[in-house]
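J.: My structure is in my_file-v5.txt, and what it holds is compact mmCIF, C-alpha atoms:
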# COMPACT_ATOMS: atom_id res chain seq x y z
CA MET A 1 17.11 -0.28 -8.39
CA THR A 2 18.69 -3.59 -7.46
CA GLU A 3 16.31 -6.54 -7.36
CA LYS A 4 16.71 -8.92 -4.43
CA THR A 5 14.75 -11.75 -2.83
CA LEU A 6 14.03 -13.05 0.63
CA SER A 7 12.44 -16.43 1.27
CA SER A 8 10.31 -17.82 4.07
CA ARG A 9 8.38 -21.05 4.52
CA TYR A 10 5.43 -19.44 2.72
CA GLY A 11 7.26 -18.28 -0.41
CA THR A 12 9.84 -15.89 -1.85
CA VAL A 13 9.36 -12.14 -1.88
CA HIS A 14 11.00 -9.92 -4.49
CA TYR A 15 12.04 -6.41 -3.53
CA TRP A 16 14.01 -3.56 -5.06
CA ILE A 17 16.37 -1.18 -3.33
CA SER A 18 18.40 1.85 -4.38
CA ARG A 19 20.97 3.58 -2.21
CA PRO A 20 22.29 7.11 -2.86
CA LYS A 21 25.90 8.16 -2.49
CA ASN A 22 25.20 9.62 0.96
CA PRO A 23 25.51 6.69 3.39
CA ASP A 24 23.51 8.60 6.04
CA ALA A 25 20.50 9.21 3.79
CA ALA A 26 17.08 8.39 5.23
CA CYS A 27 15.17 5.42 3.84
CA ILE A 28 11.71 5.59 2.26
CA VAL A 29 9.76 2.34 1.90
CA PHE A 30 6.94 2.41 -0.69
CA LEU A 31 4.32 -0.36 -0.46
CA HIS A 32 1.68 -0.85 -3.16
CA GLY A 33 -1.99 -1.76 -2.89
CA LEU A 34 -3.97 -4.94 -3.50
CA THR A 35 -3.36 -6.56 -6.95
CA ALA A 36 -0.83 -3.85 -7.90
CA ASP A 37 2.96 -4.29 -7.88
CA HIS A 38 6.14 -2.33 -7.24
CA THR A 39 5.81 -0.38 -10.51
CA LEU A 40 2.99 1.64 -8.93
CA PHE A 41 5.76 3.74 -7.37
CA ASP A 42 8.00 4.16 -10.43
CA ARG A 43 7.51 7.93 -10.42
CA GLN A 44 8.29 8.14 -6.71
CA VAL A 45 11.46 6.11 -7.22
CA ASP A 46 12.53 8.49 -9.99
CA CYS A 47 11.88 11.47 -7.72
CA PHE A 48 13.46 10.30 -4.46
CA ALA A 49 16.20 7.77 -5.29
CA ARG A 50 18.90 10.41 -5.73
CA ASP A 51 18.55 11.71 -2.17
CA TYR A 52 17.17 8.75 -0.20
CA THR A 53 17.53 5.03 0.13
CA VAL A 54 14.36 3.77 -1.58
CA LEU A 55 12.85 0.33 -1.14
CA THR A 56 9.82 -1.17 -2.91
CA TRP A 57 8.49 -4.71 -3.21
CA ASP A 58 6.02 -7.00 -4.83
CA ALA A 59 4.02 -7.85 -1.72
CA PRO A 60 3.57 -11.51 -0.80
CA ALA A 61 1.18 -13.17 -3.31
CA HIS A 62 1.62 -10.27 -5.75
CA GLY A 63 3.59 -9.79 -8.95
CA LYS A 64 6.86 -11.73 -8.87
CA SER A 65 6.33 -12.73 -5.22
CA ARG A 66 4.24 -15.72 -6.25
CA PRO A 67 3.39 -18.42 -5.45
CA TYR A 68 2.90 -17.53 -1.80
CA ALA A 69 1.21 -20.08 0.42
CA LEU A 70 -0.54 -17.93 3.00
CA PHE A 71 -1.24 -14.20 2.73
CA THR A 72 -2.07 -12.33 5.91
CA TYR A 73 -1.13 -8.83 6.98
CA ALA A 74 0.73 -10.27 9.95
CA HIS A 75 2.89 -12.44 7.67
CA ALA A 76 3.45 -9.54 5.27
CA ALA A 77 4.56 -7.32 8.16
CA ASP A 78 6.92 -10.05 9.37
CA MET A 79 8.37 -10.33 5.87
CA LEU A 80 8.87 -6.57 5.63
CA ARG A 81 10.62 -6.52 8.99
CA ALA A 82 12.91 -9.33 7.83
CA ILE A 83 13.78 -7.45 4.63
CA LEU A 84 14.64 -4.30 6.58
CA HIS A 85 16.79 -6.36 8.93
CA ALA A 86 18.59 -7.98 5.99
CA GLU A 87 19.31 -4.52 4.56
CA HIS A 88 20.50 -3.19 7.96
CA ILE A 89 17.77 -0.55 7.99
CA ASP A 90 16.79 0.33 11.57
CA ARG A 91 14.40 3.22 10.93
CA CYS A 92 12.59 4.49 7.87
CA ILE A 93 9.77 6.54 6.44
CA PHE A 94 6.89 4.31 5.35
CA ALA A 95 4.57 5.21 2.48
CA GLY A 96 1.72 2.79 1.85
CA GLN A 97 -0.93 2.97 -0.86
CA SER A 98 -4.22 1.27 0.04
CA MET A 99 -3.29 -2.27 1.17
CA GLY A 100 0.30 -1.13 1.66
CA GLY A 101 -0.94 1.10 4.46
CA TYR A 102 -2.48 -1.92 6.20
CA VAL A 103 0.85 -3.78 6.15
CA ILE A 104 2.57 -0.72 7.62
CA GLN A 105 0.01 -0.29 10.38
CA MET A 106 0.33 -3.96 11.30
CA LEU A 107 4.10 -3.54 11.46
CA LEU A 108 3.78 -0.42 13.62
CA LYS A 109 1.59 -2.32 16.08
CA TRP A 110 4.60 -4.50 16.89
CA TYR A 111 7.58 -2.26 16.07
CA PRO A 112 6.52 1.38 16.56
CA HIS A 113 10.12 2.49 17.04
CA ILE A 114 11.04 1.57 13.46
CA ALA A 115 9.05 4.39 11.86
CA GLN A 116 10.31 7.93 11.39
CA ALA A 117 6.98 8.71 9.73
CA PHE A 118 3.97 7.12 8.03
CA ILE A 119 2.46 8.41 4.78
CA GLY A 120 -0.94 6.92 4.00
CA ILE A 121 -1.89 7.13 0.31
CA ASP A 122 -5.55 6.29 -0.34
CA THR A 123 -5.41 3.84 2.55
CA CYS A 124 -7.67 3.32 5.55
CA PRO A 125 -7.12 3.35 9.31
CA PHE A 126 -6.79 0.40 11.59
CA GLY A 127 -9.21 0.81 14.49
CA MET A 128 -12.46 -0.92 15.31
CA GLY A 129 -14.39 2.32 15.76
CA TYR A 130 -14.19 3.36 12.11
CA TYR A 131 -16.17 0.48 10.60
CA SER A 132 -19.77 -0.64 10.95
CA ASN A 133 -20.82 -4.28 11.00
CA SER A 134 -22.27 -3.70 7.53
CA ASP A 135 -18.93 -2.38 6.26
CA LEU A 136 -17.13 -5.49 7.43
CA TRP A 137 -19.83 -7.83 6.12
CA TRP A 138 -19.54 -6.41 2.60
CA VAL A 139 -15.76 -6.74 2.73
CA GLU A 140 -16.21 -10.48 3.35
CA GLN A 141 -18.29 -10.77 0.15
CA MET A 142 -15.63 -9.38 -2.21
CA GLU A 143 -14.47 -12.66 -3.72
CA SER A 144 -17.94 -13.93 -4.55
CA MET A 145 -18.90 -10.59 -6.09
CA CYS A 146 -15.76 -10.52 -8.26
CA ARG A 147 -16.42 -14.01 -9.58
CA MET A 148 -19.73 -12.80 -11.02
CA PHE A 149 -17.91 -10.64 -13.60
CA PRO A 150 -16.39 -11.90 -16.86
CA ASP A 151 -12.61 -11.82 -16.71
CA ALA A 152 -12.05 -8.90 -19.09
CA VAL A 153 -14.83 -6.86 -17.49
CA LEU A 154 -13.39 -7.44 -14.02
CA ARG A 155 -9.91 -6.27 -14.99
CA GLU A 156 -11.23 -3.27 -16.87
CA SER A 157 -13.48 -2.21 -14.01
CA ILE A 158 -10.67 -2.46 -11.46
CA ALA A 159 -8.20 -0.48 -13.58
CA ARG A 160 -10.79 2.16 -14.54
CA SER A 161 -12.26 2.62 -11.08
CA CYS A 162 -8.97 3.24 -9.27
CA THR A 163 -7.32 5.56 -11.81
CA ARG A 164 -7.98 8.89 -13.49
CA THR A 165 -5.18 9.26 -16.04
CA PRO A 166 -3.96 7.11 -18.95
CA TYR A 167 -0.58 6.51 -17.29
CA ALA A 168 -2.12 5.23 -14.05
CA TYR A 169 -4.68 3.13 -15.94
CA HIS A 170 -2.06 1.35 -18.05
CA ASN A 171 0.16 0.87 -14.98
CA MET A 172 -2.66 -0.83 -13.09
CA HIS A 173 -3.84 -2.86 -16.07
CA ALA A 174 -0.29 -4.20 -16.54
CA ALA A 175 -0.11 -5.22 -12.89
CA LEU A 176 -3.43 -7.09 -13.19
CA SER A 177 -2.06 -9.07 -16.14
CA HIS A 178 0.04 -11.17 -13.73
CA TYR A 179 -3.02 -13.11 -12.62
CA GLY A 180 -5.51 -15.52 -14.11
CA LYS A 181 -9.11 -14.86 -13.14
CA ASP A 182 -9.26 -17.46 -10.36
CA GLU A 183 -6.06 -16.16 -8.80
CA LEU A 184 -7.20 -12.56 -9.13
CA CYS A 185 -10.56 -13.22 -7.48
CA SER A 186 -8.90 -15.24 -4.72
CA LEU A 187 -6.35 -12.50 -4.08
CA LEU A 188 -9.04 -9.82 -3.91
CA GLY A 189 -11.10 -11.95 -1.57
CA THR A 190 -8.15 -12.72 0.68
CA GLY A 191 -6.95 -9.12 0.82
CA TYR A 192 -10.33 -7.75 1.88
CA ARG A 193 -11.23 -10.68 4.12
CA GLN A 194 -7.95 -10.51 6.03
CA PHE A 195 -8.41 -6.78 6.57
CA ALA A 196 -11.71 -7.47 8.32
CA ARG A 197 -10.28 -10.36 10.33
CA GLU A 198 -6.98 -8.73 11.35
CA LEU A 199 -8.42 -5.27 12.01
CA CYS A 200 -7.38 -4.04 15.45
CA ASP A 201 -6.86 -0.88 17.45
CA ILE A 202 -3.36 0.59 17.27
CA HIS A 203 -1.61 3.76 18.37
CA ILE A 204 0.69 5.42 15.84
CA SER A 205 3.35 7.43 17.64
CA CYS A 206 5.24 8.80 14.62
CA PRO A 207 4.23 11.77 12.41
CA VAL A 208 1.52 10.91 9.87
CA LEU A 209 0.51 12.40 6.51
CA LEU A 210 -2.68 11.38 4.68
CA LEU A 211 -3.06 11.75 0.90
CA VAL A 212 -6.31 10.91 -0.89
CA GLY A 213 -7.30 11.32 -4.52
CA GLU A 214 -10.15 13.80 -4.84
CA HIS A 215 -11.88 11.32 -7.18
CA ASP A 216 -11.20 8.22 -5.06
CA ILE A 217 -14.42 6.16 -5.30
CA THR A 218 -12.98 2.91 -3.92
CA GLY A 219 -15.37 1.89 -1.15
CA LYS A 220 -15.48 4.50 1.60
CA VAL A 221 -11.79 5.43 1.50
CA ARG A 222 -12.44 9.18 1.45
CA GLN A 223 -14.99 8.92 4.27
CA TYR A 224 -12.66 6.85 6.43
CA ASN A 225 -9.81 9.31 5.87
CA PHE A 226 -11.90 12.28 6.92
CA ALA A 227 -12.88 10.35 10.06
CA TRP A 228 -9.20 9.48 10.65
CA GLN A 229 -8.21 13.12 10.34
CA ALA A 230 -11.00 14.22 12.68
CA ARG A 231 -10.10 11.66 15.34
CA GLU A 232 -6.29 11.93 15.23
CA GLY A 233 -5.67 15.40 13.81
CA TYR A 234 -3.40 14.17 11.01
CA PRO A 235 -2.89 16.52 8.05
CA LEU A 236 -4.91 15.37 5.03
CA HIS A 237 -4.51 16.55 1.45
CA LEU A 238 -6.88 15.82 -1.42
CA ILE A 239 -4.89 15.17 -4.60
CA PRO A 240 -6.43 16.87 -7.64
CA ASN A 241 -7.06 14.93 -10.86
CA ALA A 242 -6.46 11.66 -9.01
CA ALA A 243 -8.44 8.59 -8.00
CA HIS A 244 -7.45 5.68 -5.74
CA ASN A 245 -3.96 5.32 -7.22
CA SER A 246 -3.32 9.00 -6.60
CA ASN A 247 0.48 8.71 -6.51
CA ALA A 248 0.37 7.44 -10.12
CA ASP A 249 -2.43 9.74 -11.30
CA ASN A 250 -0.81 12.92 -10.00
CA SER A 251 2.74 12.03 -9.05
CA ALA A 252 3.94 15.64 -9.18
CA ARG A 253 1.57 16.79 -6.44
CA CYS A 254 2.06 13.67 -4.32
CA ASN A 255 5.84 13.89 -4.60
CA GLN A 256 5.79 17.55 -3.63
CA LEU A 257 3.68 16.86 -0.53
CA ILE A 258 5.81 13.87 0.45
CA ARG A 259 9.03 15.86 0.07
CA ASN A 260 7.65 18.80 2.07
CA PHE A 261 6.48 16.43 4.79
CA ILE A 262 9.85 14.70 5.04
CA HIS A 263 11.63 18.05 5.22
CA SER A 264 9.37 19.03 8.11
CA LEU A 265 10.31 16.02 10.23
As structure tokens - that is how I would like this structure written.

T.:
Amino acid sequence: MTEKTLSSRYGTVHYWISRPKNPDAACIVFLHGLTADHTLFDRQVDCFARDYTVLTWDAPAHGKSRPYALFTYAHAADMLRAILHAEHIDRCIFAGQSMGGYVIQMLLKWYPHIAQAFIGIDTCPFGMGYYSNSDLWWVEQMESMCRMFPDAVLRESIARSCTRTPYAYHNMHAALSHYGKDELCSLLGTGYRQFARELCDIHISCPVLLLVGEHDITGKVRQYNFAWQAREGYPLHLIPNAAHNSNADNSARCNQLIRNFIHSL
């Protein structure tokens, strides 16, 4: 993977891209979740980089893409569109884990033509009808709740709650090490708060695949995905021996399902 950067008035975003020998190969864009970084998809890069152009990033305000003055999903989607333009990528397959799925859905609201497909990994749907007022109120309280925990306890609880296997746990714990406690709590608060404030109804016109860890206990992710499947008819697969970071917990199963889905397009 070649590391590159793209700057805006808010900050500089680091991204990584790998291109196969086939110049006509499709592109897969992998976007990580809140407080994670591009290494969340290391095992997907290893699996797909030979046959596809693969692009990952440290999202704005995450990992190496710090400092970043103003994180919103709209700004993140703008930044992603600018990166794709800089790399002369007109269409691609998007795979977003948790927060990464929110960035993709925001992008698809404005540029639906850019997506060959959307793979949601332990993410949640945009759409006002999925969430109660209580759901959105609790989301707004995330930062204050996180600040109640001692630093080490907070990091340990995040890494433990969203993973099932030692590999995924250590991957997430390493990503969390980028931040001091104040920055971590602020980032968590901003990520959840902006989801509630930027939530909107969208129509996704490309093929969609939903993957959810069978042990995902992050909020109501499983519940929202079952509702998403029921409303839109998207195929949904529960990933065995996996929690919220299911692509790291059980990369073999996730990679198989992603490859099969791409081949079906």

J.: Rank A:Asp151, A:Tyr102, A:Leu209, A:Ile204 by their smallest atom-to-atom distance to A:Tyr179, using only C-alpha atoms, and report the top residue only.

T.: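 Looking only at the distances to A:Tyr179, the closest residue turns out to be A:Asp151.
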
J.: May I have the residues within 12 Å of A:Gly219 as a ChimeraX atom specification, using all atoms listed in the file and disregarding those fewer than 4 positions away in the same chain?

T.: /A:98,122-124,131,135-136,138-139,142,161-162,192,215,223-225,243-244

J.: Ranking A:Thr218, A:Ser65, A:Ser132, A:Thr72 by minimum distance to A:Asn245 and counting all atoms listed in the file, which one comes first?

T.: A:Thr218

J.: Using only C-alpha atoms, which residue out of A:Leu6, A:Ala25, A:Leu211, A:Ile104 lies closest to A:Tyr234?

T.: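 Using only C-alpha atoms, the shortest distance to A:Tyr234 belongs to A:Leu211.
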
J.: Just checking: using all atoms listed in the file, which residue out of A:Asn171, A:Gln194, A:Gln116, A:Ser177 ends up closest to A:Glu143?

T.: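 Using all atoms listed in the file, A:Glu143 sits closest to A:Gln194.
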
J.: So how far away is atom CA of A:His173 from atom CA of A:Val13, in Å?

T.: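 One can read the atom CA of A:Val13 to atom CA of A:His173 distance as 21.5 Å.
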
J.: A:Leu31, A:Ala152, A:Val221, A:Ala77: which is nearest A:Trp110, counting all atoms listed in the file?

T.: A:Ala77

J.: Go through A:Ala59, A:Leu108, A:Ile89, A:Ala69 one by one, measure the shortest atom-to-atom distance of each to A:Arg19 using all atoms listed in the file, and give the residue with the smallest value.

T.: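 Among the listed residues, the smallest separation from A:Arg19 belongs to A:Ile89.
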
J.: How many Å lie between atom CA of A:Gly96 and atom CA of A:His32, rounded to one decimal?

T.: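 Computed distance, atom CA of A:Gly96 to atom CA of A:His32, equals 6.2 Å.
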
J.: Please, what is the axis-aligned box for every listed atom of stretch 92-105 of chain A with 6 Å on each side, as centre and edge lengths in Å to one decimal, as AutoDock Vina command-line options?

T.:
--center_x 4.2 --center_y 1.4 --center_z 4.8 --size_x 28.8 --size_y 22.3 --size_z 23.2

J.: State, in Å with one decimal place, the distance from atom CA of A:Pro207 to atom CA of A:Phe118.

T.: 6.4 Å

J.: Please provide the set of residues having any atom within 9 Å of stretch 54-56 of chain A, restricted to only C-alpha atoms, with same-chain residues fewer than 5 positions apart removed, written as a short mmCIF file (atom, residue, chain, number, x, y, z; two decimals) with C-alpha atoms, in the frame of the given file.

T.:
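Result file follows (result_17.cif):
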data_model
loop_
_atom_site.label_atom_id
_atom_site.label_comp_id
_atom_site.auth_asym_id
_atom_site.auth_seq_id
_atom_site.Cartn_x
_atom_site.Cartn_y
_atom_site.Cartn_z
CA MET A 1 17.11 -0.28 -8.39
CA HIS A 14 11.00 -9.92 -4.49
CA TYR A 15 12.04 -6.41 -3.53
CA TRP A 16 14.01 -3.56 -5.06
CA ILE A 17 16.37 -1.18 -3.33
CA SER A 18 18.40 1.85 -4.38
CA ARG A 19 20.97 3.58 -2.21
CA PRO A 20 22.29 7.11 -2.86
CA ALA A 26 17.08 8.39 5.23
CA CYS A 27 15.17 5.42 3.84
CA ILE A 28 11.71 5.59 2.26
CA VAL A 29 9.76 2.34 1.90
CA PHE A 30 6.94 2.41 -0.69
CA LEU A 31 4.32 -0.36 -0.46
CA HIS A 32 1.68 -0.85 -3.16
CA HIS A 38 6.14 -2.33 -7.24
CA THR A 39 5.81 -0.38 -10.51
CA PHE A 41 5.76 3.74 -7.37
CA VAL A 45 11.46 6.11 -7.22
CA PHE A 48 13.46 10.30 -4.46
CA ALA A 49 16.20 7.77 -5.29
#

J.: Env of A:Ser144: 12 Å cut, atoms = all atoms listed in the file, seq-sep filter 6 positions within chain, self excluded. Answer as a ChimeraX atom specification.

T.: /A:138,182,184-190,192-193

J.: Could you pull out every residue with an atom within 8 Å of (4.4, -14.9, -13.8), file coordinates, counting only C-alpha atoms, and send them as a list of chain:residue names?

T.: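 Residues satisfying the cut-off, written out: A:Gly63, A:Lys64, A:Arg66, A:His178, A:Tyr179.
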
J.: Within 12 Å of (29.2, 12.5, -4.4) in the file's own coordinates, which protein, DNA or RNA residues have an atom, counting only C-alpha atoms? List them as a list in words.

T.: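 Residues found, by chain and rising number: Pro20, Lys21, Asn22, Pro23, Arg50 and Asp51 of chain A.
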
J.: So that I can see what lies close to A:Gln44, please list as an mmCIF file with C-alpha atoms, in the frame of the given file the residues with an atom at most 8 Å from it, counting only C-alpha atoms and leaving out residues fewer than 5 positions away in the same chain.

T.:
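What ended up in selection21.cif:
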data_model
loop_
_atom_site.group_PDB
_atom_site.id
_atom_site.type_symbol
_atom_site.label_atom_id
_atom_site.label_comp_id
_atom_site.auth_asym_id
_atom_site.auth_seq_id
_atom_site.Cartn_x
_atom_site.Cartn_y
_atom_site.Cartn_z
ATOM 1 C CA ASN A 247 0.480 8.710 -6.510
ATOM 2 C CA SER A 251 2.740 12.030 -9.050
ATOM 3 C CA ASN A 255 5.840 13.890 -4.600
#

J.: Please provide the set of residues having any atom within 9 Å of A:Leu70, restricted to all atoms listed in the file, with same-chain residues fewer than 6 positions apart removed, written as a ChimeraX atom specification.

T.: /A:10-11,60-61
